[in-house]
Amino acid sequence: MDIAAALAIAGQAIGLVKDLREIDKGLDTAEYKAKMAELYSSLADVKMALSDAQMALREKDQEIHELRAKFELRTKLVEVDGFRYETHESGKPKGVPFCPRCEQNSSRLYRLTRFKGMIIYKCPECNAEYKPVHAYPWTETDPR
Ligand SMILES: [Zn+2]
């Protein structure tokens with residue numbers, strides 16, 4: 001049974017107990033009512049726990065998806081003069097490199113951006129400045 005189905009069943013059970021509590025007014029056994037309240041409370045806990053688990057699983061799925069994408073990107077990177085670039089089909093470096101500082105510190109890839117049109121490139125994340133930075137063409141006109 002998956003978590004979504006478990007959540008649905010827990011929800012139904014809570015509704016059922018609620019109904020039973022209504023019907024039971026005539027019987028009025030204190031102990032019985034206390035048990036029902038307990039059951040209701042524990043079922044609510046089950047639902048909350050399953051809901052948390054579902055959220056955690058979704059976060060993990062998202063993380064796995066992001067890690068896969070990052071890994072795929074990394075396998076395609078090429079290093080030139082200490083900077084890592086994406087590559088064209090031919091394996092030649094493409095565009096502007098990623099910040100080496102951020103890659104080392106946090107394993108995240110942030111592409112450098114040109115600082116006010118000058119020859120300095122800056123990291124949008126850590127603000128480190130680099131020069132000179134070689135920028136390669138974004139499109140490959142001649143694959144040879
Ligand atoms: Zn950086």
# chains A, B, ... in the order shown; residues from 1 in each chain; ligands from 1
call {"tool": "residues_near_ligand", "arguments": {"ligand": "ligand 1", "cutoff": "9 Å", "atoms": "only C-alpha atoms and all ligand atoms", "output": "PyMOL selection string"}}
result
chain A and resi 98-103+105+108-112+122-129
call {"tool": "select_by_dssp", "arguments": {"residues": "chain A", "states": "helix (DSSP H, G or I)", "output": "ChimeraX atom specification"}}
result
/A:3-26,30-75,100-106
call {"tool": "residues_around", "arguments": {"residues": "A:Asp2", "least_positions_apart": "6", "cutoff": "12 Å", "atoms": "only C-alpha atoms", "output": "VMD selection string"}}
result
chain A and resid 8 to 9 50 to 51 53 to 54 57
call {"tool": "residues_around", "arguments": {"residues": "A:Ser41", "least_positions_apart": "6", "cutoff": "12 Å", "atoms": "only C-alpha atoms", "output": "list of chain:residue names"}}
result
A:Ala10, A:Ala13, A:Ile14, A:Gly15, A:Val17, A:Lys18, A:Ala34, A:Lys35, A:Lys47, A:Met48
call {"tool": "write_last_selection", "arguments": {"atoms": "all heavy atoms", "output": "tab-separated table (two decimals), in the first residue's frame"}}
result
chain	number	residue	atom	x	y	z
A	10	ALA	N	-6.81	6.34	6.43
A	10	ALA	CA	-6.77	6.99	7.75
A	10	ALA	C	-7.84	8.08	7.83
A	10	ALA	O	-8.52	8.22	8.85
A	10	ALA	CB	-5.38	7.56	8.00
A	13	ALA	N	-11.19	6.40	8.28
A	13	ALA	CA	-11.32	5.88	9.64
A	13	ALA	C	-11.66	6.97	10.63
A	13	ALA	O	-12.50	6.79	11.52
A	13	ALA	CB	-10.02	5.18	10.05
A	14	ILE	N	-11.06	8.12	10.44
A	14	ILE	CA	-11.36	9.25	11.33
A	14	ILE	C	-12.83	9.65	11.18
A	14	ILE	O	-13.53	9.88	12.18
A	14	ILE	CB	-10.42	10.44	11.02
A	14	ILE	CG1	-9.01	10.12	11.50
A	14	ILE	CG2	-10.92	11.71	11.72
A	14	ILE	CD1	-7.96	11.12	11.04
A	15	GLY	N	-13.31	9.68	9.95
A	15	GLY	CA	-14.71	10.00	9.71
A	15	GLY	C	-15.65	8.99	10.36
A	15	GLY	O	-16.66	9.36	10.95
A	17	VAL	N	-15.06	7.03	13.00
A	17	VAL	CA	-15.05	7.18	14.45
A	17	VAL	C	-15.90	8.38	14.87
A	17	VAL	O	-16.65	8.32	15.85
A	17	VAL	CB	-13.59	7.34	14.97
A	17	VAL	CG1	-13.59	7.69	16.45
A	17	VAL	CG2	-12.81	6.06	14.71
A	18	LYS	N	-15.83	9.44	14.09
A	18	LYS	CA	-16.65	10.62	14.35
A	18	LYS	C	-18.13	10.24	14.35
A	18	LYS	O	-18.89	10.60	15.25
A	18	LYS	CB	-16.41	11.67	13.27
A	18	LYS	CG	-15.66	12.89	13.74
A	18	LYS	CD	-15.56	13.87	12.57
A	18	LYS	CE	-14.61	15.00	12.88
A	18	LYS	NZ	-14.31	15.77	11.67
A	34	ALA	N	-14.29	7.50	26.17
A	34	ALA	CA	-12.87	7.84	26.36
A	34	ALA	C	-12.01	7.06	25.36
A	34	ALA	O	-11.10	7.61	24.75
A	34	ALA	CB	-12.44	7.52	27.78
A	35	LYS	N	-12.37	5.79	25.18
A	35	LYS	CA	-11.64	4.95	24.21
A	35	LYS	C	-11.78	5.50	22.80
A	35	LYS	O	-10.83	5.54	22.03
A	35	LYS	CB	-12.18	3.50	24.25
A	35	LYS	CG	-11.81	2.75	25.49
A	35	LYS	CD	-10.39	2.19	25.40
A	35	LYS	CE	-10.05	1.44	26.68
A	35	LYS	NZ	-8.60	1.51	26.97
A	47	LYS	N	-2.50	9.94	10.56
A	47	LYS	CA	-2.67	10.72	9.33
A	47	LYS	C	-1.59	11.79	9.22
A	47	LYS	O	-1.02	12.01	8.15
A	47	LYS	CB	-4.06	11.36	9.31
A	47	LYS	CG	-4.33	11.96	7.95
A	47	LYS	CD	-5.68	12.60	7.85
A	47	LYS	CE	-5.85	13.15	6.44
A	47	LYS	NZ	-7.05	13.95	6.29
A	48	MET	N	-1.31	12.46	10.34
A	48	MET	CA	-0.31	13.51	10.32
A	48	MET	C	1.08	12.93	10.00
A	48	MET	O	1.84	13.52	9.22
A	48	MET	CB	-0.28	14.22	11.67
A	48	MET	CG	0.30	15.62	11.60
A	48	MET	SD	0.28	16.43	13.20
A	48	MET	CE	-1.47	16.61	13.46
call {"tool": "atom_distance", "arguments": {"atom1": "atom CA of A:Ile119", "atom2": "atom CA of A:Val78"}}
result
21.9 Å
call {"tool": "atom_distance", "arguments": {"atom1": "atom CA of A:Asp61", "atom2": "atom CA of A:Gln12"}}
result
27.4 Å
call {"tool": "residues_around", "arguments": {"residues": "stretch 64-77 of chain A", "least_positions_apart": "5", "cutoff": "7 Å", "atoms": "only C-alpha atoms", "output": "list in words"}}
result
Arg84, Tyr85, Glu86 and Thr87 of chain A
call {"tool": "atom_distance", "arguments": {"atom1": "atom CA of A:Ser90", "atom2": "atom CA of A:Thr113"}}
result
24.2 Å
call {"tool": "residues_around", "arguments": {"residues": "A:Val80", "least_positions_apart": "6", "cutoff": "12 Å", "atoms": "only C-alpha atoms", "output": "compact mmCIF listing (two decimals) with N, CA and C atoms, in the first residue's frame"}}
result
# COMPACT_ATOMS: atom_id res chain seq x y z
N GLU A 86 30.64 24.49 -19.84
CA GLU A 86 29.79 23.53 -20.55
C GLU A 86 30.45 23.28 -21.90
N THR A 87 30.04 22.22 -22.56
CA THR A 87 30.66 21.93 -23.85
C THR A 87 29.64 21.86 -24.98
N GLY A 91 32.72 18.88 -27.96
CA GLY A 91 33.55 18.82 -26.77
C GLY A 91 34.29 20.11 -26.48
N LYS A 92 34.12 21.08 -27.39
CA LYS A 92 34.77 22.38 -27.19
C LYS A 92 34.01 23.17 -26.12
N PRO A 93 34.76 24.02 -25.36
CA PRO A 93 34.08 24.81 -24.32
C PRO A 93 33.05 25.76 -24.91
N LYS A 94 32.03 26.04 -24.08
CA LYS A 94 30.88 26.82 -24.55
C LYS A 94 30.60 27.96 -23.56
N VAL A 96 30.32 31.02 -21.02
CA VAL A 96 31.02 31.56 -19.86
C VAL A 96 31.13 30.46 -18.79
N PRO A 97 32.28 30.40 -18.07
CA PRO A 97 32.46 29.32 -17.09
C PRO A 97 31.66 29.52 -15.79
N PHE A 98 31.74 28.51 -14.94
CA PHE A 98 31.08 28.57 -13.63
C PHE A 98 32.07 29.04 -12.57
N PRO A 100 34.52 28.92 -9.80
CA PRO A 100 35.31 27.84 -9.20
C PRO A 100 35.21 27.84 -7.67
N VAL A 133 38.81 36.19 -17.88
CA VAL A 133 37.98 35.01 -18.09
C VAL A 133 37.71 34.90 -19.58
N HIS A 134 38.02 33.75 -20.14
CA HIS A 134 37.77 33.61 -21.56
C HIS A 134 36.33 33.14 -21.79
N ALA A 135 35.63 33.89 -22.62
CA ALA A 135 34.27 33.50 -22.99
C ALA A 135 34.27 32.91 -24.39
N TYR A 136 33.74 31.72 -24.51
CA TYR A 136 33.68 31.05 -25.81
C TYR A 136 32.32 31.29 -26.45
call {"tool": "decode", "arguments": {"residues": "stretch 12-23 of chain A", "atoms": "all heavy atoms", "output": "PDB file, in the first residue's frame"}}
result
ATOM      1  N   GLN A  12     -10.674   8.159   6.149  1.00  0.00           N
ATOM      2  CA  GLN A  12     -11.981   7.485   6.243  1.00  0.00           C
ATOM      3  C   GLN A  12     -12.235   6.986   7.658  1.00  0.00           C
ATOM      4  O   GLN A  12     -13.340   7.096   8.188  1.00  0.00           O
ATOM      5  CB  GLN A  12     -12.021   6.292   5.282  1.00  0.00           C
ATOM      6  CG  GLN A  12     -12.229   6.688   3.840  1.00  0.00           C
ATOM      7  CD  GLN A  12     -12.047   5.520   2.876  1.00  0.00           C
ATOM      8  OE1 GLN A  12     -11.720   4.414   3.303  1.00  0.00           O
ATOM      9  NE2 GLN A  12     -12.235   5.783   1.605  1.00  0.00           N
ATOM     10  N   ALA A  13     -11.194   6.401   8.279  1.00  0.00           N
ATOM     11  CA  ALA A  13     -11.321   5.876   9.638  1.00  0.00           C
ATOM     12  C   ALA A  13     -11.663   6.971  10.629  1.00  0.00           C
ATOM     13  O   ALA A  13     -12.496   6.792  11.523  1.00  0.00           O
ATOM     14  CB  ALA A  13     -10.022   5.176  10.054  1.00  0.00           C
ATOM     15  N   ILE A  14     -11.065   8.118  10.444  1.00  0.00           N
ATOM     16  CA  ILE A  14     -11.358   9.246  11.328  1.00  0.00           C
ATOM     17  C   ILE A  14     -12.827   9.645  11.182  1.00  0.00           C
ATOM     18  O   ILE A  14     -13.530   9.882  12.175  1.00  0.00           O
ATOM     19  CB  ILE A  14     -10.421  10.443  11.024  1.00  0.00           C
ATOM     20  CG1 ILE A  14      -9.006  10.120  11.499  1.00  0.00           C
ATOM     21  CG2 ILE A  14     -10.922  11.714  11.717  1.00  0.00           C
ATOM     22  CD1 ILE A  14      -7.958  11.124  11.043  1.00  0.00           C
ATOM     23  N   GLY A  15     -13.307   9.677   9.952  1.00  0.00           N
ATOM     24  CA  GLY A  15     -14.708  10.005   9.707  1.00  0.00           C
ATOM     25  C   GLY A  15     -15.646   8.993  10.358  1.00  0.00           C
ATOM     26  O   GLY A  15     -16.659   9.358  10.953  1.00  0.00           O
ATOM     27  N   LEU A  16     -15.257   7.725  10.276  1.00  0.00           N
ATOM     28  CA  LEU A  16     -16.056   6.640  10.855  1.00  0.00           C
ATOM     29  C   LEU A  16     -16.171   6.773  12.370  1.00  0.00           C
ATOM     30  O   LEU A  16     -17.254   6.642  12.949  1.00  0.00           O
ATOM     31  CB  LEU A  16     -15.385   5.309  10.516  1.00  0.00           C
ATOM     32  CG  LEU A  16     -16.292   4.108  10.410  1.00  0.00           C
ATOM     33  CD1 LEU A  16     -16.309   3.634   8.967  1.00  0.00           C
ATOM     34  CD2 LEU A  16     -15.811   3.009  11.319  1.00  0.00           C
ATOM     35  N   VAL A  17     -15.063   7.030  12.997  1.00  0.00           N
ATOM     36  CA  VAL A  17     -15.046   7.185  14.453  1.00  0.00           C
ATOM     37  C   VAL A  17     -15.897   8.377  14.867  1.00  0.00           C
ATOM     38  O   VAL A  17     -16.652   8.323  15.853  1.00  0.00           O
ATOM     39  CB  VAL A  17     -13.594   7.344  14.968  1.00  0.00           C
ATOM     40  CG1 VAL A  17     -13.587   7.686  16.448  1.00  0.00           C
ATOM     41  CG2 VAL A  17     -12.809   6.064  14.713  1.00  0.00           C
ATOM     42  N   LYS A  18     -15.828   9.439  14.090  1.00  0.00           N
ATOM     43  CA  LYS A  18     -16.650  10.619  14.352  1.00  0.00           C
ATOM     44  C   LYS A  18     -18.131  10.239  14.350  1.00  0.00           C
ATOM     45  O   LYS A  18     -18.886  10.605  15.252  1.00  0.00           O
ATOM     46  CB  LYS A  18     -16.406  11.674  13.265  1.00  0.00           C
ATOM     47  CG  LYS A  18     -15.659  12.888  13.741  1.00  0.00           C
ATOM     48  CD  LYS A  18     -15.561  13.868  12.574  1.00  0.00           C
ATOM     49  CE  LYS A  18     -14.611  14.998  12.880  1.00  0.00           C
ATOM     50  NZ  LYS A  18     -14.311  15.774  11.666  1.00  0.00           N
ATOM     51  N   ASP A  19     -18.534   9.476  13.315  1.00  0.00           N
ATOM     52  CA  ASP A  19     -19.914   9.003  13.185  1.00  0.00           C
ATOM     53  C   ASP A  19     -20.319   8.154  14.382  1.00  0.00           C
ATOM     54  O   ASP A  19     -21.398   8.326  14.955  1.00  0.00           O
ATOM     55  CB  ASP A  19     -20.076   8.168  11.907  1.00  0.00           C
ATOM     56  CG  ASP A  19     -19.934   9.013  10.660  1.00  0.00           C
ATOM     57  OD1 ASP A  19     -20.032  10.262  10.763  1.00  0.00           O
ATOM     58  OD2 ASP A  19     -19.730   8.424   9.578  1.00  0.00           O
ATOM     59  N   LEU A  20     -19.442   7.217  14.757  1.00  0.00           N
ATOM     60  CA  LEU A  20     -19.714   6.336  15.898  1.00  0.00           C
ATOM     61  C   LEU A  20     -19.944   7.145  17.170  1.00  0.00           C
ATOM     62  O   LEU A  20     -20.802   6.828  17.996  1.00  0.00           O
ATOM     63  CB  LEU A  20     -18.554   5.361  16.110  1.00  0.00           C
ATOM     64  CG  LEU A  20     -18.527   4.147  15.183  1.00  0.00           C
ATOM     65  CD1 LEU A  20     -17.231   3.382  15.353  1.00  0.00           C
ATOM     66  CD2 LEU A  20     -19.729   3.249  15.455  1.00  0.00           C
ATOM     67  N   ARG A  21     -19.167   8.174  17.339  1.00  0.00           N
ATOM     68  CA  ARG A  21     -19.293   9.013  18.529  1.00  0.00           C
ATOM     69  C   ARG A  21     -20.669   9.673  18.582  1.00  0.00           C
ATOM     70  O   ARG A  21     -21.261   9.807  19.636  1.00  0.00           O
ATOM     71  CB  ARG A  21     -18.197  10.072  18.534  1.00  0.00           C
ATOM     72  CG  ARG A  21     -17.357   9.958  19.774  1.00  0.00           C
ATOM     73  CD  ARG A  21     -16.251  10.953  19.915  1.00  0.00           C
ATOM     74  NE  ARG A  21     -16.113  11.915  18.847  1.00  0.00           N
ATOM     75  CZ  ARG A  21     -15.097  12.755  18.757  1.00  0.00           C
ATOM     76  NH1 ARG A  21     -14.163  12.737  19.686  1.00  0.00           N
ATOM     77  NH2 ARG A  21     -15.000  13.612  17.775  1.00  0.00           N
ATOM     78  N   GLU A  22     -21.184  10.070  17.427  1.00  0.00           N
ATOM     79  CA  GLU A  22     -22.510  10.683  17.341  1.00  0.00           C
ATOM     80  C   GLU A  22     -23.596   9.670  17.721  1.00  0.00           C
ATOM     81  O   GLU A  22     -24.479   9.939  18.516  1.00  0.00           O
ATOM     82  CB  GLU A  22     -22.769  11.193  15.920  1.00  0.00           C
ATOM     83  CG  GLU A  22     -21.827  12.273  15.460  1.00  0.00           C
ATOM     84  CD  GLU A  22     -21.898  13.531  16.308  1.00  0.00           C
ATOM     85  OE1 GLU A  22     -23.023  14.005  16.567  1.00  0.00           O
ATOM     86  OE2 GLU A  22     -20.822  14.029  16.726  1.00  0.00           O
ATOM     87  N   ILE A  23     -23.517   8.474  17.133  1.00  0.00           N
ATOM     88  CA  ILE A  23     -24.506   7.413  17.359  1.00  0.00           C
ATOM     89  C   ILE A  23     -24.557   6.995  18.813  1.00  0.00           C
ATOM     90  O   ILE A  23     -25.601   6.716  19.379  1.00  0.00           O
ATOM     91  CB  ILE A  23     -24.167   6.172  16.484  1.00  0.00           C
ATOM     92  CG1 ILE A  23     -24.374   6.506  15.004  1.00  0.00           C
ATOM     93  CG2 ILE A  23     -25.058   4.976  16.864  1.00  0.00           C
ATOM     94  CD1 ILE A  23     -23.769   5.485  14.066  1.00  0.00           C
TER      95      ILE A  23
END
